[in-house]
Every structure is written in structure tokens, then in C-alpha cells.
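Structure first, then comments.
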Amino acid sequence: MTHSASPAAPPTPLEARKSAALSGRVRVPGDKSISHRALILGALAVGETRITGLLEGEDVLNTAKAMQALGAQVDRTGDFAWVVRGVGVAGFAAPKNALDFGNSGTGCRLVMGAVAGCPISAIFDGDASLRGRPMRRIVDPLELMGARVTESRDGGRLPLTLQGARDPLPIVYRTPVASAQIKSAVLLAGLSAPGVTTVIETEASRDHTELMLRHFGAQIVSENEGSHGRKITLTGQPELQGADVVVPADPSSAAFPIVAALIVAQSDIVLTDVMTNPLRTGLFTTLREMGASIEESEVRGDAGEPMAQFRIRASNLRGVEVPPERAPSMIDEYLVLAVAAAFAEGTTIMRGLQELRVKESDRLEATAAMLRVNGVKVEISGDDMIVEGKGHVPGGGLVATHMDHRIAMSALVMGLASDQPVTVDDTAFIATSFPDFIPMMRRLGADFS
Ligand code: S3P
């Protein structure tokens, strides 16, 4: 299934109702960020990359197709098991057709970086949501490295044609916003450049690209910069060697059953293999500050990525203030945090959320609308969101998902504990990141109809 430029399928609404205690033990699907990167680095390496636990969601499948279109051999060898035979750094071939990334900003932007370091031209496209998202933030540094956009819609939006650099230049780039996508695009282009490419970020963003580049044999150094930042230096033109990648469970997907278990009375669930990279765990820190019972055990690591088992029990939550510097480590989790905040006692203030406006939807507005239509008082003040928690949510609303998987899942989680059912207008986009969300939540006891 793909929602790209093709005519929209009829929407598939769903209602979530107040549920009895959730219980059970599940493993949510593989991490989306790591899955994209494993496919892309596998395609840029020589030899074989064996990936287990790959997220088989639409976003990642579109990246797999793009890698094939660029000349890599990508095969599914079993459930969540994939093998990539790469073409080597700078070895991509010009694709015959436009590369269609569907709903995925990450897939599109990382592959733009990888293509920018190859002497080929490629057309990048996506669905209506992705076509509305800013691409200048990626194209700007890639042009400094010698790539060129030869065609695009206004403001540099998709569809766009990118001509990669014949002789890529290494640069020193200070990212204008904390974004792992911008950082990763520059590093992936920098692979083909002679000499050292440097990315400086004032606020550290997720470092999966750096960790995985090292795992594939690149020389890459990450140092602290200022109080919250990082300086990353990559030595160009390495021979990347195919490697084994075990993809841990996605903490951003785990966020939905975790919040569901916290708000549905008497719940007690276990989630296994959840990735606990500290640049991804801001939600867990925040929920604990709110009084959540989240126990971590069986901590272990694979290819530089730590993971743990989580036990979550229903908890009485209280409102907190979330500082702006925590945003990069929980940027995709504010929607479901806002749901937890609505069930908490007291006010939750989430600061510094400007990046939420340019995600799969304008998540600041969409989250506020999701809460308001279900009787929760919420205010947006500049880049801050303020939720008045009353310990319960009236519900009864119909939530517009705006082609955004995380709005759909957050609203469905809210309905599991609200007084009246909550309905979402379309569940189709859940398949981009968490294809088995609905059956998995039902197995835990969620009442969806
Ligand atoms: C991602 C980075 C984040 C995040 C996205 C995945 C990644 O975007 O929102 O879902 O895998 O690099 P930004 O880096 O643009 O904030």
C-alpha cells in the first residue's frame, strides 16, 4: 500500500473506547530511524549487510525501493530480515523513474544527502504531506557541497530534481535547527568528499547515523560542543564495509502502548528490546517526572545502540514543565505526551516546539485540535503548548489525522481511557511507522471497533 501521489484510498475511520486493564508482553516494531539508515548505509557499502528486525512500514519500504532504484540489491529473506548488497560510496546509478518516498521526510532527506555525493540526477517525490514540507534546509548545505537542484516547486518543495556533485566538497556546517535529518544528509554527502566534513549542532539530535557509520567502518568523531551541542567530523571517501545490523524496537512506537498503559486503570504491560539511546528517551524522563511507573531491566547493547525491557503500570500522573532543550530527544513524542498530560492532574507546559510545525502535519495545531475536540483545555502560546490536566478526558470527539500516523495513534490511545469514545477519521497512515499497531494494541486489551 502506498499513499504517494496516487489517488487517495477511501478513509478508514476507527473508534477507541474505554478499555479494561491492558496486560501482556509485546515487542513493538523496529526503530524507523535505524531501519532507514541500515538500508542506506548497506547500499553505500561494499559487500553484504544483513539486517534483522527491520521496520516493515511503508516509510522504510519506500527507502528500500529507492536503494534498489539507485542500483543496490535489496532482498527480503524472512520476517523482518533483509540483505543489502551495496554499490560502494559514490556508486549510485541514475534511477530510471522518480524516487517516491510516500509520507517519509526521513527517507527522502537522507537519500537526498546520499545522492548529492554521486554524479547522477534523481527526481524526489512524495505524497501531499511530504510535498508540503520544507526541503531548503537540506538542499542549502548540499548545494554548498556542489549538488544542485535543477527543478523544484516553489520554496524548493517536492517534486524536485537533484543533480549530485561530480566533485563533492567537504564543508563545515552549522545546522540552523536541531535536526538529525539535516546532519545526516550532510554526513552522507560528505562520504563522497575528499577530506573532513564537519557538522556542528547547538542542540544534539539523534546520533544513529554517526553510530552506524562507525559500525560500517567510517572514521567519525563526535565531541561535545557548548552545553547541549555536538561537533561531528567525518573523514571522507572511506570504504564502507557491509555489516550486520540488529534493529531494536522503536521507542517512538513504544510511546503509544506506554502512555496507554499509564492512563488505562490497573494496566500492567511489558515491552521488550526498546532502544534507549539517550538522544531518544526524553519522553521516558518526562513521564517519570510526571509520576509514571516505568521500570527498566535487561539493559544491553548492540552495534552501539542500547536497549532495555520496560514494565509499565497504570499511574496517577501530575502536570510538569518540559524544558525546550529536551525537545530534540522527544521530538516525535509530544503528541502522545499531550494525551498523558490531559489525563494528569494539573498543568503541563511543553516549551520550544517550533519544529512540530513542519512534521508530517502541523503537529502543534493538530495536537491542540485533537485535545480540544475531546473536551481538553489547551493553549498554544508562541512555540509552547500548555495542557490543562483534569485527571480525566471527556472524549466524544472526531479527530482529523491530517495524513499523520502519530496523530492517529495518539488519538486512539486517548480513547482507551476517555469517558466517551474517541474516533479518528483515517487510520491508513499508521502503516507508515507501526503497521501492526491496531492488532498489537488489541492483544494488550484495547477496545477498538
Ligand atoms: C528523524 C529525525 C527527526 C524525527 C523523524 C526521524 C531521523 O526529524 O522527527 O521522525 O530519523 O533522523 P528532524 O531531524 O528533522 O527533527
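Residues are named by chain letter and number: chains run A, B, ... in the order of the C-alpha cells, numbers start at 1 in each chain, and ligands are numbered from 1 in the order shown.
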Check: Using only C-alpha atoms, which residues sit within 12 Å of Ser104 in chain A once same-chain residues fewer than 4 positions away are excluded, as a PyMOL selection string?
Finding: chain A and resi 2-4+32-33+36+57-63+99-100+108-111+124-133+181+359-361+403-405+429+431-433
Item checked: Spatial neighbours of Asp419 in chain A, max dist 12 Å, only C-alpha atoms, sep filter under 6 positions, as a list in words ->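 Skipping anything fewer than 6 positions along the chain leaves Ala16, Arg17, Lys18, Ser19, Val264, Phe343, Asn374, Gly375, Val376, Gly391, His392, Val393, Pro394, Gly395, Gly396 and Gly397 of chain A.
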Considering only C-alpha atoms and all ligand atoms, tabulate each residue of chain A that lies at most 9 Å from ligand 1 along with its nearest interatomic pair and the corresponding distance in Å to one decimal; arrange the rows by chain and ascending residue number and present them as CSV.
residue,atom,partner,partner_atom_place_in_ligand_line,distance
A:Asp31,CA,ligand 1,11 (O),9.0
A:Lys32,CA,ligand 1,11 (O),6.7
A:Ser33,CA,ligand 1,11 (O),3.7
A:Ile34,CA,ligand 1,11 (O),7.1
A:Ser35,CA,ligand 1,11 (O),8.8
A:His36,CA,ligand 1,11 (O),7.4
A:Arg37,CA,ligand 1,11 (O),7.9
A:Ser104,CA,ligand 1,10 (O),8.4
A:Gly105,CA,ligand 1,5 (C),7.3
A:Thr106,CA,ligand 1,7 (C),5.4
A:Gly107,CA,ligand 1,11 (O),8.0
A:Arg109,CA,ligand 1,12 (O),8.8
A:Leu110,CA,ligand 1,12 (O),7.9
A:Val177,CA,ligand 1,16 (O),8.1
A:Ala178,CA,ligand 1,16 (O),6.4
A:Ser179,CA,ligand 1,14 (O),3.3
A:Ala180,CA,ligand 1,14 (O),3.6
A:Gln181,CA,ligand 1,14 (O),4.1
A:Ile182,CA,ligand 1,14 (O),6.4
A:Lys183,CA,ligand 1,14 (O),7.7
A:Ser184,CA,ligand 1,12 (O),7.0
A:Ser205,CA,ligand 1,14 (O),6.8
A:Arg206,CA,ligand 1,12 (O),6.7
A:Asp207,CA,ligand 1,12 (O),8.3
A:His208,CA,ligand 1,12 (O),7.8
A:Thr209,CA,ligand 1,12 (O),8.0
A:Ser252,CA,ligand 1,10 (O),8.5
A:Pro328,CA,ligand 1,16 (O),6.7
A:Met330,CA,ligand 1,9 (O),8.5
A:Ile331,CA,ligand 1,9 (O),5.7
A:Asp332,CA,ligand 1,9 (O),5.3
A:Glu355,CA,ligand 1,16 (O),6.8
A:Leu356,CA,ligand 1,9 (O),8.3
A:Val358,CA,ligand 1,15 (O),8.4
A:Lys359,CA,ligand 1,9 (O),6.7
A:Glu360,CA,ligand 1,10 (O),8.7
Note to self: For the structure I just gave you, how does DSSP split range 201-322 of chain A - specifically, which residues are strand (DSSP E or B)? Reply as an MDAnalysis selection string.
What the structure shows: chainID A and resid 201 220:225 229:235 241 244:246 249 268:275 293:302 305:313 318 321:322
Notebook entry, point to check: Using only C-alpha atoms, which of A:Ala204, A:Leu169, A:Leu317, A:Ala38 sits nearest Arg280 in chain A?
Noted result: A:Ala204
Margin query: With only C-alpha atoms as the counted atoms, please give the residues lying no more than 8 Å from Leu187 in chain A, apart from itself and same-chain residues fewer than 4 positions off, as a PyMOL selection string.
Written below: chain A and resi 113+183+191+197-199+234
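With only C-alpha atoms as the atoms that count, the minimum distance from Leu262 in chain A to the choices A:Ala340, A:Ile138, A:Ala308, A:Leu213 is reached by A:Ala340.
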Check: Neighbours of Trp82 in chain A within 7 Å (only C-alpha atoms; same-chain residues fewer than 5 positions away dropped), as a ChimeraX atom specification?
Finding: /A:50-52,75-77
Next item on the list: Could you find all residues in range 208-403 of chain A that DSSP calls helix (DSSP H, G or I) from the backbone, and write them as a PyMOL selection string?
Entry: chain A and resi 208-215+251-263+282-289+324-330+334-343+354-358+363-372
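Computed from the coordinates, the CA of Glu151 in chain A to CA of Glu201 in chain A distance equals 29.1 Å.
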Name the residues in contact with Leu353 in chain A at a cut-off of 8 Å, using only C-alpha atoms, excluding same-chain residues fewer than 2 positions from it; report them as a PDB file with N, CA and C atoms, in the first residue's frame.
ATOM      1  N   PRO A 324      12.765  23.392  26.912  1.00  0.00           N
ATOM      2  CA  PRO A 324      12.943  23.367  25.459  1.00  0.00           C
ATOM      3  C   PRO A 324      14.136  22.524  25.023  1.00  0.00           C
ATOM      4  N   ALA A 327      13.588  18.966  23.771  1.00  0.00           N
ATOM      5  CA  ALA A 327      12.782  18.705  22.561  1.00  0.00           C
ATOM      6  C   ALA A 327      13.446  17.748  21.562  1.00  0.00           C
ATOM      7  N   MET A 350       4.810  22.561  27.708  1.00  0.00           N
ATOM      8  CA  MET A 350       5.856  21.993  26.840  1.00  0.00           C
ATOM      9  C   MET A 350       6.432  23.141  26.038  1.00  0.00           C
ATOM     10  N   ARG A 351       7.728  23.368  26.209  1.00  0.00           N
ATOM     11  CA  ARG A 351       8.330  24.573  25.623  1.00  0.00           C
ATOM     12  C   ARG A 351       9.211  24.259  24.405  1.00  0.00           C
ATOM     13  N   GLU A 355       9.632  23.103  15.884  1.00  0.00           N
ATOM     14  CA  GLU A 355       9.853  22.087  14.841  1.00  0.00           C
ATOM     15  C   GLU A 355       8.612  21.225  14.591  1.00  0.00           C
ATOM     16  N   LEU A 356       7.695  21.198  15.568  1.00  0.00           N
ATOM     17  CA  LEU A 356       6.476  20.388  15.382  1.00  0.00           C
ATOM     18  C   LEU A 356       5.615  20.912  14.231  1.00  0.00           C
ATOM     19  N   ARG A 357       5.838  22.157  13.865  1.00  0.00           N
ATOM     20  CA  ARG A 357       5.007  22.742  12.794  1.00  0.00           C
ATOM     21  C   ARG A 357       5.351  22.194  11.417  1.00  0.00           C
ATOM     22  N   LEU A 364       1.638  20.985  16.093  1.00  0.00           N
ATOM     23  CA  LEU A 364       1.245  21.846  17.198  1.00  0.00           C
ATOM     24  C   LEU A 364      -0.258  22.099  17.098  1.00  0.00           C
ATOM     25  N   ASP A 383       5.744  29.195  20.755  1.00  0.00           N
ATOM     26  CA  ASP A 383       6.139  27.833  20.412  1.00  0.00           C
ATOM     27  C   ASP A 383       5.884  26.865  21.564  1.00  0.00           C
ATOM     28  N   ASP A 384       5.095  27.288  22.546  1.00  0.00           N
ATOM     29  CA  ASP A 384       4.826  26.441  23.706  1.00  0.00           C
ATOM     30  C   ASP A 384       3.400  25.889  23.642  1.00  0.00           C
ATOM     31  N   MET A 385       3.218  24.708  24.198  1.00  0.00           N
ATOM     32  CA  MET A 385       1.864  24.146  24.302  1.00  0.00           C
ATOM     33  C   MET A 385       1.571  23.914  25.779  1.00  0.00           C
TER      34      MET A 385
END
Notebook entry, point to check: With distances taken over only C-alpha atoms, which of A:Gly445, A:Pro238, A:Gly86, A:Gly156 is nearest to Pro257 in chain A?
Noted result: A:Gly445
Item checked: All residues 8 Å or closer to Pro168 in chain A, only C-alpha atoms, same chain fewer than 6 positions away omitted, as a PyMOL selection string -> chain A and resi 116-117+145-147+189-190+192-194
Next item on the list: Figure out the distance between CA of Ala254 in chain A and CA of Val424 in chain A, please, to one decimal in Å.
Entry: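 Pair CA of Val424 in chain A / CA of Ala254 in chain A returns 19.9 Å.
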Find the spatial neighbours of Met440 in chain A, counting only C-alpha atoms, within a cut-off of 12 Å - ignore same-chain residues fewer than 5 positions away - and output them as an mmCIF file with N, CA, C and O atoms, in the first residue's frame.
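What landed in out.cif:
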data_model
loop_
_atom_site.group_PDB
_atom_site.id
_atom_site.type_symbol
_atom_site.label_atom_id
_atom_site.label_comp_id
_atom_site.auth_asym_id
_atom_site.auth_seq_id
_atom_site.Cartn_x
_atom_site.Cartn_y
_atom_site.Cartn_z
ATOM 1 N N LEU A 22 -5.016 -2.995 30.544
ATOM 2 C CA LEU A 22 -4.174 -3.572 29.500
ATOM 3 C C LEU A 22 -3.152 -4.483 30.172
ATOM 4 O O LEU A 22 -2.626 -4.149 31.233
ATOM 5 N N SER A 23 -2.875 -5.622 29.523
ATOM 6 C CA SER A 23 -1.850 -6.505 30.079
ATOM 7 C C SER A 23 -1.204 -7.302 28.963
ATOM 8 O O SER A 23 -1.789 -7.467 27.883
ATOM 9 N N GLY A 24 -0.009 -7.792 29.211
ATOM 10 C CA GLY A 24 0.684 -8.610 28.226
ATOM 11 C C GLY A 24 2.079 -8.090 27.967
ATOM 12 O O GLY A 24 2.509 -7.103 28.555
ATOM 13 N N ARG A 25 2.749 -8.829 27.073
ATOM 14 C CA ARG A 25 4.159 -8.556 26.783
ATOM 15 C C ARG A 25 4.286 -8.503 25.268
ATOM 16 O O ARG A 25 3.900 -9.445 24.580
ATOM 17 N N VAL A 26 4.796 -7.395 24.753
ATOM 18 C CA VAL A 26 4.912 -7.244 23.296
ATOM 19 C C VAL A 26 6.260 -6.623 22.925
ATOM 20 O O VAL A 26 6.910 -5.987 23.750
ATOM 21 N N ARG A 27 6.614 -6.805 21.652
ATOM 22 C CA ARG A 27 7.774 -6.104 21.105
ATOM 23 C C ARG A 27 7.231 -5.225 19.989
ATOM 24 O O ARG A 27 6.675 -5.735 19.007
ATOM 25 N N VAL A 28 7.359 -3.931 20.141
ATOM 26 C CA VAL A 28 6.900 -3.038 19.075
ATOM 27 C C VAL A 28 7.890 -3.169 17.919
ATOM 28 O O VAL A 28 9.000 -3.666 18.089
ATOM 29 N N PRO A 29 7.511 -2.725 16.709
ATOM 30 C CA PRO A 29 8.382 -2.929 15.552
ATOM 31 C C PRO A 29 9.723 -2.196 15.662
ATOM 32 O O PRO A 29 9.915 -1.340 16.533
ATOM 33 N N SER A 253 7.597 4.324 18.796
ATOM 34 C CA SER A 253 6.392 3.491 18.694
ATOM 35 C C SER A 253 5.991 2.968 20.068
ATOM 36 O O SER A 253 4.799 2.904 20.397
ATOM 37 N N ALA A 254 7.001 2.606 20.881
ATOM 38 C CA ALA A 254 6.717 2.134 22.246
ATOM 39 C C ALA A 254 5.931 3.185 23.031
ATOM 40 O O ALA A 254 5.145 2.863 23.929
ATOM 41 N N PHE A 256 3.343 4.754 22.418
ATOM 42 C CA PHE A 256 1.872 4.645 22.401
ATOM 43 C C PHE A 256 1.366 3.605 23.405
ATOM 44 O O PHE A 256 0.532 3.943 24.256
ATOM 45 N N PRO A 257 1.849 2.348 23.373
ATOM 46 C CA PRO A 257 1.410 1.437 24.442
ATOM 47 C C PRO A 257 1.845 1.898 25.830
ATOM 48 O O PRO A 257 1.134 1.642 26.812
ATOM 49 N N LEU A 271 7.223 -4.273 27.620
ATOM 50 C CA LEU A 271 7.700 -4.059 26.257
ATOM 51 C C LEU A 271 9.159 -4.499 26.196
ATOM 52 O O LEU A 271 9.959 -4.082 27.044
ATOM 53 N N PHE A 434 4.017 1.906 12.043
ATOM 54 C CA PHE A 434 3.648 0.908 13.049
ATOM 55 C C PHE A 434 2.506 0.071 12.471
ATOM 56 O O PHE A 434 1.377 0.131 12.956
ATOM 57 N N PRO A 435 2.843 -0.752 11.442
ATOM 58 C CA PRO A 435 1.777 -1.435 10.690
ATOM 59 C C PRO A 435 0.864 -2.294 11.554
ATOM 60 O O PRO A 435 -0.316 -2.423 11.253
ATOM 61 N N GLY A 445 -5.431 -5.591 25.022
ATOM 62 C CA GLY A 445 -6.738 -5.367 25.632
ATOM 63 C C GLY A 445 -7.442 -4.092 25.177
ATOM 64 O O GLY A 445 -8.479 -3.728 25.732
ATOM 65 N N ALA A 446 -6.895 -3.433 24.163
ATOM 66 C CA ALA A 446 -7.519 -2.176 23.691
ATOM 67 C C ALA A 446 -8.853 -2.468 23.017
ATOM 68 O O ALA A 446 -8.977 -3.423 22.253
ATOM 69 N N ASP A 447 -9.837 -1.630 23.312
ATOM 70 C CA ASP A 447 -11.170 -1.779 22.719
ATOM 71 C C ASP A 447 -11.287 -0.801 21.530
ATOM 72 O O ASP A 447 -11.636 0.354 21.695
ATOM 73 N N PHE A 448 -10.943 -1.302 20.347
ATOM 74 C CA PHE A 448 -11.084 -0.547 19.102
ATOM 75 C C PHE A 448 -12.211 -1.180 18.296
ATOM 76 O O PHE A 448 -12.318 -2.399 18.264
#
